[in-house]
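The structure appears below as structure tokens.
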Amino acid sequence: MTKYATLLLLGVLTMTQAQTDPRMYDIAEAVSAERLEKDVTILANFGTRHTLSDTVSDTRGIGAARRWVKQEFESISRDCNNCLEVFYQKDLVKEGANARIPFDVWVVNVVAVQRGTKYPNRFVIMSGDIDSRASEANNYTIDAPGANDNATGIAGALEAARVLSNYTFESSIIYTGLSGEEQGLFGGAGLAAYAKEQGWEIIGVLNNDMIGNITGVNGVISNRDFRIFSEPVPPTETERERTMRRFYGGEVDGISRQLARYVHKTTQTYMPEMNPMLIYRLDRFGRGGHHRPFNDAGFAGIRIMEAHENYTQQHQDIRVEDGIAYGDVLEHVNFDYAAKLTAVNAISMAALAWAPPAPENVQIGGIVEPSAKLKWDKVPGAVGYKIYWRDTTSPTWDYSRAVGDVSEHTLEGIVIDNSFFGVAAVGKDGHESVVVFPGGVFR
Ligand SMILES: [Zn+2]
């Protein structure tokens with residue numbers, strides 16, 4: 001083989017390697033349904049984890065549950081040479097904050113930080129909820145095992161920590177069990193406020209809420225479908241940004257939507273057996289989840305959850321009525337499915353935490369011209385950039401071009417009017433940042 005041919009071959013190999021990272025398959029496979037089952041069982045057996053429930057008992061109530069979650073993160077940390085910083089983040093919520101807070105209560109989140117080597121203050125966050133409820137929102141003594149809602153979410157965060165703590169990442173990863181969700185999203189609000197105080201740079205929040213049910217109340221059964229909810233644009237956008245959108249687009253291209261597309265694409269790349277469904281709304285119709293307080297604070301955040309819900313098994317007292325077994329009990333959780341959705345989180349967080357920061361100051365030009373132009377500020381750690389575009393009616397970034405380590409590029413012959421455009425930064429292992437939709441226009 002000539003030297004030139006060898007170089008060519010090396011070039012081809014490098015390009016192939018840049019497309020997929022074999023570690024990602026290892027991560028997806030390492031997630032254990034058995035460990036998830038063990039943890040969800042322990043959580044369900046605290047009887048209730050209602051936010052207002054007993055905090056003193058070692059066997060029942062939210063106090064016992066959060067202490068167990070903290071101990072579990074600490075035990076995972078011991079196994080990785082103390083790679084996790086584990087702490088409680090808590091806020092006192094005062095009586096009457098809303099109708100679901102009848103007396104003062106400490107809302108206590110458990111947080112585990114796996115510090116990034118290069119960007120210790122940049123975070124990707126995976127959350128689940130510690131708290132549970134039954135039929136009556138304020139009944140904090142009746143059994144509320146919350147096996148699916150949301151022991152699966154917090155068990156998923158624990159399991160992702162077990163798997164990802166075997167690797168080191170450039171950005172930091174946070175695994176968290178939030179509380180106060182059912183009483184009014186208090187734990188998420190508390191941690192979002194704490195993140196702002198601390199000046200955390202948040203890449204995104206993957207909020208997991210119910211990731212274990214495969215049998216829908218409508219009879220649909222699928223262990224492959226799952227939903228990714230994201231709001232179209234941040235509620236914090238300014239009047240000027242709103243006006244800009246009218247003329248330059250971006251109605252369905254906010255930061256949370258880009259994060260949703262990222263998870264969708266990462267799943268299709270590394271777990272093609274799964275069927276991720278992008279849902280173009282903040283959450284289910286009229287319902288809430290813990291990504292919302294992060295969105296309210298201006299952070300990107302999405303909800304990952306099962307596709308086919310069973311309402312007789314959520315927020316229900318355990319009972320049999322008209323032949324229907326109500327209640328959120330262990331028997332209804334499919335742990336292989338919960339493992340799949342946990343793996344979706346783990347690979348998405350790994351990709352984001354291995355990727356360089358997203359390009360900054362992305363701008364677009366090309367009005368009344370035959371070609372669209374993009375320019376951006378380079379970011380440290382990127383070896384190149386990728387321009388993405390799609391038809392205006394498409395939910396996903398269907399076209400892309402790797403443009404090398406440059407800070408501007410013209411897409412010859414692609415008219416700006418008929419597509420939406422964005423730019424991502426690419427790192428040395430091929431991992432990409434979230435796509436950034438242009439925030440400005442140039443001539
Ligand atoms: Zn719930």
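Identifiers in the structure tokens: chain A, B, ... in order shown; residue index from 1 per chain; ligand index from 1 in order shown.
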message: What parts of region 121-293 of chain A does DSSP call strand (DSSP E or B)? I'd like the answer as a ChimeraX atom specification.
response: /A:121-129,144,171-178,201-208,215,221,225-229,275-279
Selection above as a file: N, CA and C atoms, as a compact mmCIF listing (two decimals), in the first residue's frame:
# COMPACT_ATOMS: atom_id res chain seq x y z
N ASN A 121 -18.23 23.61 35.85
CA ASN A 121 -19.44 24.40 36.15
C ASN A 121 -20.53 24.28 35.07
N ARG A 122 -20.33 23.37 34.10
CA ARG A 122 -21.38 23.10 33.10
C ARG A 122 -22.04 21.79 33.47
N PHE A 123 -23.37 21.75 33.45
CA PHE A 123 -24.09 20.59 33.98
C PHE A 123 -25.15 20.06 33.05
N VAL A 124 -25.19 18.75 32.94
CA VAL A 124 -26.38 18.12 32.39
C VAL A 124 -27.02 17.38 33.57
N ILE A 125 -28.31 17.50 33.69
CA ILE A 125 -29.02 17.04 34.90
C ILE A 125 -30.06 15.99 34.55
N MET A 126 -30.05 14.90 35.31
CA MET A 126 -31.12 13.89 35.20
C MET A 126 -31.89 13.89 36.51
N SER A 127 -33.20 14.08 36.42
CA SER A 127 -34.00 14.10 37.64
C SER A 127 -35.11 13.06 37.61
N GLY A 128 -35.43 12.61 38.82
CA GLY A 128 -36.64 11.83 39.08
C GLY A 128 -37.24 12.41 40.35
N ASP A 129 -38.36 11.89 40.79
CA ASP A 129 -38.99 12.44 42.00
C ASP A 129 -39.02 11.40 43.11
N ALA A 144 -49.15 5.02 49.51
CA ALA A 144 -48.94 5.60 48.17
C ALA A 144 -47.58 5.12 47.68
N SER A 171 -17.80 17.67 30.92
CA SER A 171 -18.78 18.48 31.65
C SER A 171 -19.32 17.68 32.83
N SER A 172 -19.91 18.38 33.76
CA SER A 172 -20.43 17.72 34.97
C SER A 172 -21.81 17.12 34.71
N ILE A 173 -22.10 16.04 35.44
CA ILE A 173 -23.42 15.42 35.38
C ILE A 173 -24.01 15.45 36.79
N ILE A 174 -25.28 15.81 36.87
CA ILE A 174 -25.98 15.77 38.15
C ILE A 174 -27.11 14.75 38.07
N TYR A 175 -27.17 13.91 39.09
CA TYR A 175 -28.27 12.95 39.25
C TYR A 175 -29.05 13.44 40.46
N THR A 176 -30.35 13.62 40.31
CA THR A 176 -31.06 14.16 41.46
C THR A 176 -32.44 13.54 41.66
N GLY A 177 -32.76 13.36 42.94
CA GLY A 177 -34.11 12.98 43.34
C GLY A 177 -34.76 14.22 43.93
N LEU A 178 -35.79 14.70 43.27
CA LEU A 178 -36.48 15.91 43.72
C LEU A 178 -37.68 15.54 44.57
N GLU A 201 -23.98 26.67 34.85
CA GLU A 201 -24.33 26.73 33.44
C GLU A 201 -24.99 25.40 33.10
N ILE A 202 -26.28 25.43 32.82
CA ILE A 202 -27.02 24.18 32.63
C ILE A 202 -27.21 23.89 31.14
N ILE A 203 -26.67 22.78 30.69
CA ILE A 203 -26.84 22.34 29.31
C ILE A 203 -28.29 21.93 29.10
N GLY A 204 -28.82 21.21 30.08
CA GLY A 204 -30.21 20.78 29.98
C GLY A 204 -30.60 19.87 31.13
N VAL A 205 -31.89 19.80 31.36
CA VAL A 205 -32.46 18.94 32.40
C VAL A 205 -33.28 17.86 31.73
N LEU A 206 -32.93 16.60 32.02
CA LEU A 206 -33.74 15.47 31.54
C LEU A 206 -34.58 15.00 32.71
N ASN A 207 -35.82 15.42 32.74
CA ASN A 207 -36.69 15.06 33.85
C ASN A 207 -37.44 13.78 33.51
N ASN A 208 -37.27 12.79 34.36
CA ASN A 208 -37.92 11.49 34.14
C ASN A 208 -39.08 11.34 35.10
N THR A 215 -48.30 -0.66 29.42
CA THR A 215 -49.68 -1.04 29.07
C THR A 215 -50.60 0.16 29.25
N ILE A 221 -50.14 -1.69 24.00
CA ILE A 221 -48.98 -2.18 24.74
C ILE A 221 -47.75 -1.99 23.87
N ASP A 225 -42.10 2.44 22.50
CA ASP A 225 -42.50 3.85 22.38
C ASP A 225 -42.18 4.59 23.67
N PHE A 226 -41.70 5.81 23.53
CA PHE A 226 -41.65 6.70 24.70
C PHE A 226 -41.74 8.14 24.20
N ARG A 227 -42.06 9.03 25.14
CA ARG A 227 -42.32 10.42 24.75
C ARG A 227 -41.26 11.37 25.30
N ILE A 228 -40.97 12.38 24.51
CA ILE A 228 -40.07 13.46 24.93
C ILE A 228 -40.87 14.76 24.80
N PHE A 229 -41.27 15.31 25.94
CA PHE A 229 -42.04 16.55 25.94
C PHE A 229 -41.10 17.75 26.02
N ASN A 275 -38.54 3.71 19.94
CA ASN A 275 -39.32 4.65 19.15
C ASN A 275 -39.58 5.93 19.94
N PRO A 276 -38.64 6.88 19.87
CA PRO A 276 -38.83 8.14 20.59
C PRO A 276 -39.85 9.01 19.88
N MET A 277 -40.80 9.56 20.64
CA MET A 277 -41.84 10.42 20.06
C MET A 277 -41.63 11.85 20.56
N LEU A 278 -41.31 12.75 19.65
CA LEU A 278 -41.21 14.16 20.03
C LEU A 278 -42.62 14.69 20.22
N ILE A 279 -42.92 15.15 21.41
CA ILE A 279 -44.24 15.74 21.64
C ILE A 279 -44.05 17.25 21.77
- prompt: If you count only C-alpha atoms and all ligand atoms, which residues end up within 9 Å of ligand 1, as a list in words?
  reply: Asp129, Asp131, Ser132, Arg133, Ala134, Gly146, Asn148, Asp149, Asn150, Glu181, Glu182, Asp209, Met210, Gly288, Gly289, Gln314 and His315 of chain A
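Compared by their closest atoms to Leu259 (chain A), and using only C-alpha atoms, the residues A:Pro232, A:Gly301, A:Gly440, A:Gly219 rank with A:Gly301 nearest.
Of the residues listed (A:Ala355, A:Ala99, A:Ala157, A:Val436), A:Ala157 shows the shortest atom-to-atom separation from Leu36 (chain A); distances use only C-alpha atoms.
Those residues that approach Pro370 (chain A) to within 12 Å, counting only C-alpha atoms, are Gly365, Thr410, Leu411, Glu412, Gly413, Ile414, Val415, Ile416, Asp417 and Asn418 of chain A; same-chain residues fewer than 5 positions away are not listed.
Proximity to Ile387 (chain A) was assessed for A:Val329, A:Val368, A:Met271, A:Ala424 counting only C-alpha atoms; the smallest distance is recorded for A:Ala424.
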